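Source file: protein-v3.cif (mmCIF, C-alpha atoms)
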```cif
data_work
loop_
_atom_site.label_atom_id
_atom_site.label_comp_id
_atom_site.auth_asym_id
_atom_site.auth_seq_id
_atom_site.Cartn_x
_atom_site.Cartn_y
_atom_site.Cartn_z
CA MET A 1 -5.68 57.62 40.90
CA VAL A 2 -4.53 60.86 42.74
CA GLU A 3 -4.69 64.16 40.84
CA CYS A 4 -4.33 67.86 41.71
CA VAL A 5 -7.62 69.75 41.04
CA ARG A 6 -8.98 73.26 41.68
CA ASP A 7 -11.65 73.49 44.32
CA TYR A 8 -14.07 75.82 42.54
CA ASP A 9 -14.29 73.96 39.17
CA THR A 10 -12.57 70.57 39.90
CA LEU A 11 -10.37 70.90 36.83
CA VAL A 12 -7.09 68.97 36.83
CA VAL A 13 -4.08 71.30 37.19
CA ALA A 14 -0.35 70.85 37.40
CA PRO A 15 0.78 68.65 40.36
CA TYR A 16 3.14 71.34 41.72
CA LEU A 17 0.15 73.59 42.53
CA CYS A 18 -0.87 71.16 45.30
CA ASP A 19 1.00 70.57 48.57
CA ILE A 20 3.13 67.53 47.88
CA ASP A 21 3.24 66.65 51.57
CA LYS A 22 -0.52 66.21 51.63
CA LYS A 23 -0.66 63.92 48.53
CA PRO A 24 -2.40 60.63 49.40
CA ASN A 25 -0.80 57.32 48.40
CA ILE A 26 -1.90 55.62 45.19
CA VAL A 27 -3.68 52.41 46.17
CA THR A 28 -4.24 49.30 43.98
CA GLN A 29 -6.70 46.66 45.10
CA THR A 30 -8.11 43.54 43.52
CA CYS A 31 -11.67 43.13 42.33
CA ASN A 32 -13.91 40.47 40.83
CA ASN A 33 -12.08 37.79 42.77
CA PHE A 34 -14.47 35.00 41.73
CA PRO A 35 -13.41 32.37 39.10
CA CYS A 36 -14.11 33.08 35.44
CA PRO A 37 -16.66 30.91 33.60
CA SER A 38 -15.29 27.91 31.69
CA ARG A 39 -14.14 28.55 28.13
CA TRP A 40 -12.38 26.87 25.21
CA ASN A 41 -8.63 27.35 24.95
CA LEU A 42 -7.38 26.90 21.35
CA THR A 43 -3.92 26.54 19.85
CA ASP A 44 -3.00 27.58 16.31
CA PHE A 45 -3.61 25.10 13.50
CA SER A 46 -0.62 22.99 12.52
CA SER A 47 0.90 23.17 9.05
CA CYS A 48 -0.94 21.28 6.31
CA SER A 49 -0.12 17.58 6.10
CA LYS A 50 0.08 17.74 2.28
CA SER A 51 1.09 20.37 -0.23
CA CYS A 52 -1.68 19.26 -2.62
CA GLY A 53 -4.38 16.65 -3.02
CA GLY A 54 -6.18 17.60 0.19
CA GLY A 55 -4.40 17.67 3.53
CA ILE A 56 -5.42 18.14 7.16
CA GLN A 57 -4.53 20.72 9.80
CA ASN A 58 -4.87 19.93 13.51
CA ARG A 59 -5.08 22.04 16.62
CA LYS A 60 -5.46 21.30 20.33
CA ILE A 61 -8.62 22.35 22.15
CA GLN A 62 -9.13 22.31 25.93
CA CYS A 63 -11.96 23.25 28.23
CA ILE A 64 -10.41 25.46 30.96
CA GLN A 65 -11.38 27.74 33.81
CA GLU A 66 -9.20 30.60 35.12
CA LEU A 67 -9.24 30.65 38.92
CA GLU A 68 -6.94 33.61 39.62
CA ARG A 69 -4.75 36.00 37.69
CA LYS A 70 -1.68 34.05 38.63
CA GLU A 71 0.52 31.59 36.83
CA ARG A 72 -0.63 27.96 37.01
CA SER A 73 -4.05 28.93 38.24
CA VAL A 74 -5.90 27.43 35.26
CA LEU A 75 -8.02 24.34 35.77
CA VAL A 76 -8.56 21.90 32.87
CA LEU A 77 -12.18 20.69 32.79
CA ARG A 78 -14.11 18.01 30.93
CA ASN A 79 -15.20 19.05 27.46
CA ASN A 80 -18.89 18.81 28.35
CA MET A 81 -18.41 21.65 30.89
CA CYS A 82 -17.71 24.21 28.13
CA PRO A 83 -20.20 25.73 25.67
CA GLN A 84 -21.32 23.22 23.06
CA PRO A 85 -20.56 22.31 20.35
CA PRO A 86 -16.79 22.48 20.77
CA PRO A 87 -14.65 24.23 18.13
CA ARG A 88 -13.22 22.14 15.29
CA SER A 89 -9.95 20.41 16.04
CA GLN A 90 -9.28 19.64 12.33
CA GLN A 91 -9.78 21.34 9.02
CA TYR A 92 -8.99 20.53 5.38
CA CYS A 93 -6.27 22.41 3.55
CA ASN A 94 -4.57 22.54 0.12
CA VAL A 95 -7.63 21.01 -1.54
CA ILE A 96 -6.12 21.23 -5.03
CA ASP A 97 -5.03 18.68 -7.64
CA CYS A 98 -1.43 17.53 -7.55
CA PRO A 99 0.64 17.63 -10.74
CA ALA A 100 1.04 14.34 -12.59
CA ARG A 101 3.91 12.23 -11.29
CA TRP A 102 5.45 8.81 -11.81
CA GLN A 103 4.04 6.04 -9.62
CA VAL A 104 6.60 3.29 -9.08
CA GLY A 105 5.53 -0.27 -8.18
CA GLU A 106 7.41 -2.88 -6.20
CA TRP A 107 10.26 -4.81 -7.77
CA SER A 108 9.50 -8.38 -8.77
CA LYS A 109 11.69 -11.26 -7.66
CA CYS A 110 14.94 -11.69 -9.52
CA SER A 111 14.71 -14.15 -12.40
CA HIS A 112 17.93 -15.84 -11.22
CA LEU A 113 19.48 -16.04 -7.77
CA CYS A 114 23.02 -16.03 -9.19
CA GLY A 115 24.85 -15.62 -12.45
CA GLY A 116 22.88 -12.54 -13.49
CA GLY A 117 19.13 -12.07 -13.68
CA VAL A 118 16.51 -9.40 -14.25
CA ARG A 119 13.74 -7.97 -12.08
CA THR A 120 10.93 -5.70 -13.25
CA ARG A 121 8.38 -3.26 -11.84
CA LYS A 122 5.35 -1.33 -13.08
CA ILE A 123 5.56 2.41 -13.79
CA LYS A 124 2.47 4.59 -14.25
CA CYS A 125 1.86 8.31 -14.72
CA VAL A 126 -0.88 9.37 -12.29
CA LYS A 127 -2.43 12.54 -10.93
CA VAL A 128 -3.60 12.68 -7.30
CA VAL A 129 -6.81 14.63 -6.73
CA PRO A 130 -8.63 15.24 -3.42
CA PHE A 131 -8.76 13.03 -1.49
CA ASP A 132 -6.18 10.35 -2.37
CA HIS A 133 -7.99 9.54 -5.61
CA LYS A 134 -5.58 8.67 -8.43
CA ILE A 135 -6.29 9.22 -12.12
CA ASN A 136 -4.09 7.67 -14.81
CA GLN A 137 -2.50 10.20 -17.14
CA PRO A 138 -0.60 9.92 -20.44
CA GLN A 139 3.12 9.52 -19.90
CA SER A 140 3.76 12.87 -21.58
CA SER A 141 2.02 14.57 -18.61
CA CYS A 142 4.71 13.47 -16.13
CA GLN A 143 7.83 15.59 -15.89
CA GLY A 144 11.31 14.17 -15.62
CA ASP A 145 12.74 10.95 -16.97
CA LYS A 146 10.64 7.84 -16.59
CA PRO A 147 12.12 5.54 -13.90
CA ALA A 148 13.64 2.27 -15.07
CA MET A 149 11.17 -0.61 -15.43
CA GLN A 150 13.82 -3.32 -15.11
CA GLU A 151 17.29 -3.76 -13.72
CA ILE A 152 19.96 -6.41 -13.48
CA CYS A 153 20.09 -8.45 -10.28
CA GLY A 154 21.52 -11.69 -8.93
CA MET A 155 25.05 -10.85 -10.03
CA LYS A 156 26.61 -13.10 -7.40
CA PRO A 157 28.57 -15.86 -9.16
CA CYS A 158 27.00 -19.29 -8.98
CA GLN A 159 29.04 -21.78 -7.03
CA GLU A 160 30.15 -24.84 -8.93
CA LYS A 161 28.98 -28.03 -7.33
CA ASN A 162 31.45 -30.63 -6.30
CA LYS A 163 31.25 -33.97 -7.99
CA SER A 164 29.98 -35.41 -4.74
CA ASN A 165 27.12 -32.89 -4.75
CA ILE A 166 25.96 -33.39 -8.34
CA GLU A 167 22.16 -33.49 -8.44
CA ARG A 168 20.77 -36.91 -8.99
CA PRO A 169 18.17 -37.43 -11.69
CA PRO A 170 14.64 -37.14 -10.31
CA SER A 171 12.80 -40.31 -9.42
CA ILE A 172 9.89 -40.72 -11.85
CA LYS A 173 7.01 -42.99 -10.93
CA ILE A 174 5.90 -44.69 -14.15
CA SER A 175 2.43 -46.16 -14.54
CA LYS A 176 2.12 -49.35 -16.62
CA GLN A 177 -1.66 -49.38 -16.64
CA ASP A 178 -3.46 -49.32 -19.98
CA TYR A 179 -6.48 -47.03 -20.40
CA ILE A 180 -9.26 -47.48 -22.92
CA GLN A 181 -11.79 -44.67 -23.27
CA GLN A 182 -15.30 -46.12 -23.46
CA GLU A 183 -17.40 -42.95 -23.80
CA PRO A 184 -16.84 -39.31 -24.78
CA ILE A 185 -15.26 -37.29 -21.98
CA ARG A 186 -14.04 -33.72 -22.39
CA ASN A 187 -10.87 -34.17 -20.30
CA VAL A 188 -8.84 -37.27 -19.52
CA LYS A 189 -6.06 -37.25 -16.91
CA LEU A 190 -3.28 -39.80 -17.28
CA ASP A 191 0.21 -40.54 -15.93
CA ILE A 192 3.21 -41.37 -18.09
CA GLY A 193 3.89 -45.02 -18.92
CA GLY A 194 1.66 -47.63 -20.50
CA ARG A 195 -0.81 -46.86 -23.28
CA ALA A 196 -4.15 -45.11 -23.70
CA VAL A 197 -6.80 -45.60 -26.36
CA LEU A 198 -8.74 -42.35 -26.76
CA LEU A 199 -11.77 -41.17 -28.68
CA GLU A 200 -11.46 -38.27 -31.09
CA ARG A 201 -11.76 -34.68 -29.82
CA THR A 202 -10.57 -35.60 -26.34
CA THR A 203 -8.32 -33.25 -24.39
CA VAL A 204 -5.59 -35.15 -22.54
CA ARG A 205 -3.62 -34.07 -19.47
CA ILE A 206 -0.47 -36.15 -18.92
CA ARG A 207 1.26 -35.91 -15.57
CA CYS A 208 4.89 -36.72 -14.86
CA PRO A 209 5.04 -37.86 -11.20
CA VAL A 210 8.43 -36.88 -9.74
CA GLN A 211 9.73 -36.46 -6.22
CA ARG A 212 12.04 -33.77 -4.85
CA PHE A 213 12.22 -31.96 -8.16
CA ASN A 214 11.05 -28.55 -9.40
CA ARG A 215 8.22 -29.54 -11.74
CA SER A 216 8.47 -26.26 -13.65
CA HIS A 217 11.76 -27.60 -15.10
CA ILE A 218 10.09 -30.65 -16.65
CA ARG A 219 10.47 -30.81 -20.46
CA TRP A 220 8.38 -32.90 -22.84
CA GLN A 221 9.68 -34.51 -26.04
CA LYS A 222 8.16 -36.16 -29.03
CA GLU A 223 10.40 -38.34 -31.18
CA HIS A 224 13.41 -37.08 -29.17
CA LYS A 225 12.60 -33.44 -29.94
CA ASP A 226 11.41 -30.88 -27.37
CA LEU A 227 7.77 -29.89 -27.66
CA ALA A 228 7.08 -26.17 -27.94
CA ALA A 229 3.96 -24.48 -26.58
CA SER A 230 1.31 -24.09 -29.27
CA ARG A 231 -2.45 -24.19 -29.74
CA LYS A 232 -2.27 -27.94 -29.38
CA TYR A 233 0.32 -28.28 -26.61
CA ARG A 234 0.23 -26.46 -23.26
CA PHE A 235 2.54 -26.80 -20.24
CA SER A 236 1.57 -25.95 -16.64
CA ASN A 237 3.89 -24.70 -13.91
CA ARG A 238 3.56 -28.14 -12.30
CA GLY A 239 4.99 -29.86 -15.36
CA THR A 240 1.73 -31.23 -16.76
CA LEU A 241 1.37 -31.60 -20.54
CA LYS A 242 -2.01 -30.70 -22.00
CA ILE A 243 -2.88 -31.95 -25.51
CA LYS A 244 -6.04 -30.34 -26.84
CA LYS A 245 -8.68 -32.28 -28.80
CA TYR A 246 -7.24 -35.17 -30.78
CA ILE A 247 -8.80 -34.94 -34.24
CA THR A 248 -8.76 -38.50 -35.54
CA TYR A 249 -11.12 -40.96 -37.10
CA GLY A 250 -12.37 -43.50 -34.60
CA ARG A 251 -9.92 -44.40 -31.85
CA ARG A 252 -6.24 -43.67 -31.49
CA THR A 253 -3.61 -45.36 -29.33
CA VAL A 254 -1.27 -43.01 -27.48
CA HIS A 255 1.99 -44.19 -25.88
CA LEU A 256 2.59 -42.21 -22.68
#
```
Please re-express this file's structure in structure tokens.
Amino acid sequence: MVECVRDYDTLVVAPYLCDIDKKPNIVTQTCNNFPCPSRWNLTDFSSCSKSCGGGIQNRKIQCIQELERKERSVLVLRNNMCPQPPPRSQQYCNVIDCPARWQVGEWSKCSHLCGGGVRTRKIKCVKVVPFDHKINQPQSSCQGDKPAMQEICGMKPCQEKNKSNIERPPSIKISKQDYIQQEPIRNVKLDIGGRAVLLERTTVRIRCPVQRFNRSHIRWQKEHKDLAASRKYRFSNRGTLKIKKYITYGRRTVHL
């Protein structure tokens, strides 16, 4: 810095009091031209990943060293070359409970592929608390209308089959073997056809062997009337009839 001063007290005075022709040039020179020590360079934290229920904020950290006061004169170093431990690159945010909301499940398969069917889904009222823990709430706690639990599907008209494509009756393999129960057994498995002599309190499973047919469509009849599911009669998805515990006196002959 160049200033005009008085000789006898070295006080700074107005510049015009000095001879302008004798004013030295102002000189700028560099100093401390050695590289700076390594340090951590940090960016700002990102916005929170969630508005409630506990989110995360991220930021980028780098170990750098400034070589010169010029652009692009910064060297990126390995993290172990900066003071340890390094600053946090993540932090939690919005660690508060979320308001109760409707949780919608996946739709089930349509009950019919054509001609009109129904599909359903589960709906629950839940509250999300930190971190991703869900607590069931009464439905009155959720705002807004409850989403539909079922809807119509499979509205495509079913195509009528040509006479040449009419399904043939399933081929049923009938057993003609007779079975006589000799000792008490809890469960007896039999195929249709023939006869069986059973002891009392025996549970019987009767199978209808068919080929190339959906066994869930099998119907069972007694005296030309369809059997309905009850405590005595049960039907499996594979078309098996289960008759629970014959209560008789002695033996009983069953036509299959």
Review point. Quick one: which residues end up in the PyMOL selection byres ((chain A and resi 151) around 12) for this structure, as a PyMOL selection string?
Key: chain A and resi 107-111+116-121+147-150+152-155
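Taking atom CA of A:Asp226 as the reference point, atom CA of A:Asn187 is found at 23.6 Å.
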Check your understanding: Just so the selection is clear, what residues does the PyMOL selection byres ((chain A and resi 231-240) around 6) cover here, as a ChimeraX atom specification?
Key -> /A:206-207,215-216,218,229-230,241-244
Exercise for review: Quote the spacing between atom CA of A:Val197 and atom CA of A:Gln211 in Å to one decimal place.
Suggested key: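 So the two atoms, atom CA of A:Val197 and atom CA of A:Gln211, lie 27.6 Å apart.
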Exercise for review: Evaluate the PyMOL selection byres ((chain A and resi 23-28) around 9) here and jot the selected residues down as a VMD selection string.
Suggested key: chain A and resid 1 to 4 18 to 22 29 to 30
Exercise for review: Could you tell me how far atom CA of A:Gly115 lies from atom CA of A:His217, in Å and to one decimal?
Suggested key: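 Answer for the atom CA of A:Gly115 to atom CA of A:His217 separation: 17.9 Å.
For the choices A:Val13, A:Val204, A:Val76, A:Leu113, the atom-to-atom distance to A:Val188 is smallest for A:Val204 when using only C-alpha atoms.
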Practice item. Show which residues sit within 10 Å of A:Asn79, as an MDAnalysis selection string. Count only C-alpha atoms, and ignore same-chain residues fewer than 5 positions away. Key: chainID A and resid 38:40 61:64 84:86
Exercise for review: Find, counting all atoms listed in the file, the residue in A:Val5, A:Cys125, A:Val95, A:Leu75 that gets nearest to A:Lys146.
Suggested key: A:Cys125
Point to revise | Shortest interatomic distance to A:Asn58 - which of A:Cys93, A:Val74, A:Met81, A:Ile174, counting all atoms listed in the file | key: A:Cys93
Exercise for review: Tell me which of A:Cys48, A:Ala196, A:Val210, A:Val129 sits closest to A:Ile172, counting all atoms listed in the file.
Suggested key: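 The closest residue to A:Ile172 is A:Val210.
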**Study point:** Distance criterion (all atoms listed in the file): nearest to A:Gly193 out of A:Cys208, A:Leu17, A:Cys31, A:Ile180
**Key:**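 Under the stated criterion, the closest residue is A:Cys208.
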Point to revise | Pick from A:Tyr92, A:Phe45, A:Gln159, A:Pro37 nearest to A:Gln65, counting all atoms listed in the file | key: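 Using all atoms listed in the file, A:Gln65 sits closest to A:Pro37.
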